[in-house]
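Chemist: Questions regarding the structure given below will be posed in turn.
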Amino acid sequence: MSVLTPDPSSPEGAVGVTGRSPRRLLVFVGVLACLLAVLSVVDMFMAKAYDGVVPDPYSVGGIFVRDLVPGGAAEKAGLRTGDTVLGIGHHMLNKAAEAPAELRRHGAGEAVDYLVRRGEDVFETKLILTPFRLGSALYFYFAFLGLLFFVLGAFVISRRADDPAVQVFYVLCILFMLFFICRLRPSSYYWIDYVVQVAGTLALFLLPAVFLHFFLLFPKKKTFRFADRAPGGAPPAPWLFALQRFLNRSPLLLTLLYTLPPVLYVLQMAGARGGGPRRLIYGAPTLNWILLADYLILGLLALAHTWWTSEDRAARRPILVLLLGTVAGIVPFVVFAVFFPSLFREDRYLAWGVVPMALIPLTFAYAIVRFRLFDVEVIVRKSLVYAILTAVVTGFYALCVVAGNAFVSTVSSSTLFSSPAFAFGFGLVVVLLFDPLRRRMQRVVDRLFFRDRADFQQALLDMSRSVVSQLERPKLRALLTSRTADLLRLESLDLLLPRGEDGAFTDGSTGGGALPALPMGAVLPRLVLERGAPVRLAELDGWMLDADSRAFVAAAKRRFVTVVLPLATHGKLLGLLAVGRKRSEEELSREDLDHLLTIANQGALGLEAAGLHEELTRRAEMERDLDIAREIQTSLFPRELPRVPGVSFFGVSRPARVVGGDFYDFLEVDGDVRGGGRLGLVVGDVSGKSIPASLLMVAAKEIVYARAMADPDPGVVFREANRRLYDIKRRMFVSLAYFLLDQKALSLTYAFGGQPTPLLVRAGSGVAVEIPAPANRLPLGAFRDVPYDTVTYYLSPGDLLLFYTDGLNEAMSAEMAPYGDERLKASFVRHAKRPLPELADELLEDIRQFTQDAEQYDDQTFVLMRIG
């Protein structure tokens with residue numbers, strides 16, 4: 001027999017059959033048990049020369065007469081229960097295993113001398129051996145009951161071989177079979193009897209432990225909580241906490257559970273051989289039977305506790321059925337097969353305790369068919385159902401015809417009523433009358449057994465097509481919830497999708513009946529995604545969840561949500577399906593969960609397709625908006641360069657994205673520059689990129705322009721513009737440089753706010769230098785009150801200036817190396833004598849060769865100014 005030990009690889013410390021190949025081991029155990037059972041049954045129904053003694057196969061010092069076959073040779077010869085056969089023929093015997101060799105020397109009908117001890121007296125008597133079959137109607141029932149257990153266990157293990165509870169149940173069924181067929185058989189002298197009796201006794205030792213073990217795992221692994229500390233309460237006693245930990249986690253629990261019965265048996269047998277008293281009931285000491293009864297009662301209490309504490313109403317029904325059936329089978333067994341024999345010192349009531357044991361496999365079979373116990377579905381075939389329906393209807397027809405003929409024959413002796421024509425016509429009338437009933441019954445059968453499957457398969461196909469073509473989320477949500485709930489007859493089915501602001505999963509509804517939002521980072525979504533399979537809320541332990549998950553599970557249970565499924569693709573969780581109970585209050589079967597998982601997978605594909613469609617739609621709208629923004633931004637740059645006598649300009653701006661945050665512009669602050677008025681030049685860089693930066697760029701430009709019209713002094717303009725920009729957007733700022741060109745004095749008055757210092761190449765110098773910078777250069781909008789100072793710098797004919805943003809000197813190569821100030825200066829000097837448009841192209845070309853067309857993350861904007 002295999003040993004049952006904890007399997008650390010199984011979830012929640014589940015217990016299963018150890019070994020490299022559990023299935024092969026289970027098959028081997030089943031085949032071996034079947035061979036022993038068949039051997040026992042065949043031996044019981046084979047005729048042998050028999051003396052009618054039912055011996056104790058384990059006795060020594062003679063053959064202890066445990067019982068007598070009624071009407072057998074021993075009873076006719078005057079032997080009694082409790083006698084000891086010391087010898088048969090002329091051979092002294094020490095144990096029952098020595099009797100077969102002696103009996104085989106004699107045939108049926110032959111008289112044999114028996115030496116018998118009764119108490120202190122020893123006497124000799126003659127027995128006439130008779131051909132006898134030990135098998136009886138009661139033993140046939142025992143064999144049928146054992147076969148029923150084995151068929152049930154084999155059927156369940158064939159469907160769920162990897163389930164630890166099913167493995168233990170299968171072993172339990174095998175032990176019941178061996179107990180009924182090998183242990184409860186009448187004993188004989190032959191070696192077959194000794195072999196099967198040993199197997200039956202071993203089954204008896206393991207049976208109560210496996211029974212209790214099974215109900216500690218079924219329907220889920222039992223966790224003891226009697227030593228948990230209540231909120232605000234005193235801590236439990238250390239010994240109580242240690243006991244709880246031992247019962248929940250220690251592998252020694254099962255070791256103790258399985259070793260206690262054989263150890264107790266060995267100690268009792270050793271005490272009996274040492275001269276102590278011995279009381280055997282069907283070959284086992286009384287204390288072993290009492291221990292068996294205790295184990296059975298503890299198993300029933302564990303099952304009753306599971307039923308009492310279960311929060312799932314649908315799960316309580318099959319547990320209650322099993323509890324009632326097991327109690328009805330076990331209680332008579334404990335009373336009549338354990339306590340009565342030990343109390344009255346005889347086992348004549350054993351059959352009264354064993355016969356009701358048939359209720360145990362029958363209730364398990366009923367629970368499997370009715371409630372899909374162990375998540376095993378028994379498919380009812382149309383051919384079988386129609387055959388039964390046809391037989392019932394045909395029998396009913398025949399009964400009506402026979403009853404009608406009998407009635408007519410009793411009330412009339414007319415030739416008409418007794419003729420074959422009348423019988424045929426009457427039968428035809430019955431068929432015509434009951435044909436509508438047959439059709440109606442057939443429709444009822446189709447609706448009860450087969451309509452759901454056909455409708456669901458067709459609906460599943462329709463839904464697959466709809467999901468592929470449905471790109472609108474509201475309609476897709478209705479397909480995945482309302483339509484699926486109707487098909488599976490669910491009370492509720494909610495789709496939880498991540499909301500925009502924080503990504504928490506919510507069903508989108510409001511009010512008291514809505515499920516609470518489940519944060520994306522909570523334990524439950526991560527657990528559902530990792531498993532990739534339906535997760536039953538009743539199987540979740542609270543200690544493994546965080547506070548948000550526990551709150552969600554509690555609210556879901558109040559709404560009778562039983563299962564949560566993931567909608568995921570490529571390892572990304574797109575949503576959750578919260579599945580309510582069935583309208584029939586039955587537990588969701590494995591087939592139901594498979595259908596739901598299929599729908600969830602299709603829903604995930606549908607959500608992904610809908611998301612891609614929405615993303616493409618948003619991208620198309622954004623591209624359209626970007627085109628408009630690019631056109632607007634382009635229109636904000638100077639349409640033409642100012643014409644200042646003796647001064648030439650050229651400007652370039654290349655955004656890193658479709659629209660950028662750099663800008664430059666020219667302002668005529670006090671009259672026409674052609675008539676000698678001053679000209680303002682603004683070069684700026686807004687932090688950030690794309691549309692937000694371009695919007696702030698527009699705001700900064702308009703603020704500077706409005707203030708410069710009132711007072712062109714750069715320091716005043718910067719102080720006022722800084723306050724306005726700070727109030728607009730506190731997390732974005734503007735790097736700005738404002739230059740006021742006085743063409744009469746040939747001077748630049750300027751203020752900087754975070755911009756690079758312009759480069760200057762004087763005529764004939766061949767060196768690029770930075771013009772003097774103001775002391776305060778903080779960007780605009782970074783702080784509310786900042787004092788900005790101004791600098792005035794005088795120019796000379798032939799001077800060449802480069803006003804630029806940091807997108808030039810900070811341009812990055814593919815190796816993330818910056819272009820740098822020195823390269824920019826060298827390039828500026830190298831091409832300084834070229835016309836301004838060509839100079840601009842050469843500067844950009846030098847940068848492009850350095851960066852090798854690597855993607856840039858900053859706009860590149862500059863303005864060239866040449867004097868003379």
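Residue numbering restarts at 1 for every chain of the structure tokens, chains are lettered A, B, ... in their displayed order, and ligands are numbered from 1 as they appear.
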So that I can check the surroundings of Leu736 (chain A), please list as a ChimeraX atom specification every protein, DNA and RNA residue that reaches within 9 Å of it, counting only C-alpha atoms and ignoring chain neighbours fewer than 6 positions away.
Modeler: /A:682-686,718,751-755,779-780
Chemist: Residues within 7 Å of region 664-679 of chain A, please, as a list in words. Count only C-alpha atoms; anything in the same chain fewer than 6 positions from it doesn't count.
Modeler: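 So the residues in contact are Phe637, Pro638, Arg643, Val644, Pro645, Ala708, Met709, Pro712, Leu740, Leu741, Asp742, Gln743 and Lys744 of chain A.
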Chemist: Next, write the just-selected residues to a file, as a PDB file, in the first residue's frame, keeping C-alpha atoms as the atom set.
Modeler:
```
ATOM      1  CA  PHE A 637       7.538  82.394 -36.690  1.00  0.00           C
ATOM      2  CA  PRO A 638       8.434  85.533 -38.633  1.00  0.00           C
ATOM      3  CA  ARG A 643      15.197  94.756 -43.067  1.00  0.00           C
ATOM      4  CA  VAL A 644      17.564  96.811 -40.971  1.00  0.00           C
ATOM      5  CA  PRO A 645      20.038  99.026 -42.764  1.00  0.00           C
ATOM      6  CA  ALA A 708       7.920  95.040 -24.501  1.00  0.00           C
ATOM      7  CA  MET A 709       5.431  97.325 -26.216  1.00  0.00           C
ATOM      8  CA  PRO A 712      11.252  97.712 -23.992  1.00  0.00           C
ATOM      9  CA  LEU A 740      17.373  95.031 -28.012  1.00  0.00           C
ATOM     10  CA  LEU A 741      19.366  96.229 -31.068  1.00  0.00           C
ATOM     11  CA  ASP A 742      20.019  99.976 -31.282  1.00  0.00           C
ATOM     12  CA  GLN A 743      21.167 100.456 -34.871  1.00  0.00           C
ATOM     13  CA  LYS A 744      22.132 104.048 -34.293  1.00  0.00           C
TER      14      LYS A 744
END
```
Chemist: Using only C-alpha atoms, find each residue of region 15-87 of chain A with at least one atom at most 10 Å away from an atom of region 167-183 of chain A; report its shortest atom-to-atom pair and that distance in Å (one decimal), sort the rows by chain and rising residue number, and return the result as a tab-separated table.
Modeler:
```
residue	atom	partner	partner_atom	distance
A:Val15	CA	A:Val168	CA	8.4
A:Gly16	CA	A:Gln167	CA	6.5
A:Val17	CA	A:Gln167	CA	6.9
A:Pro22	CA	A:Gln167	CA	9.0
A:Arg23	CA	A:Gln167	CA	9.1
A:Leu26	CA	A:Val171	CA	7.9
A:Val29	CA	A:Ile174	CA	8.3
A:Gly30	CA	A:Ile174	CA	6.8
A:Val31	CA	A:Ile174	CA	9.9
A:Leu32	CA	A:Ile174	CA	10.0
A:Ala33	CA	A:Ile174	CA	6.8
A:Cys34	CA	A:Leu178	CA	8.5
A:Leu36	CA	A:Cys182	CA	7.7
A:Ala37	CA	A:Ile181	CA	6.0
A:Val38	CA	A:Ile181	CA	8.7
A:Leu39	CA	A:Cys182	CA	9.1
A:Ser40	CA	A:Cys182	CA	6.1
A:Val41	CA	A:Ile181	CA	7.2
```
Chemist: Could you check which of A:Ala551, A:Met697, A:Val338, A:Ala97 is closest to Tyr190 (chain A), using only C-alpha atoms?
Modeler: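 When distances to Tyr190 (chain A) are compared using only C-alpha atoms, the smallest one comes from A:Ala97.
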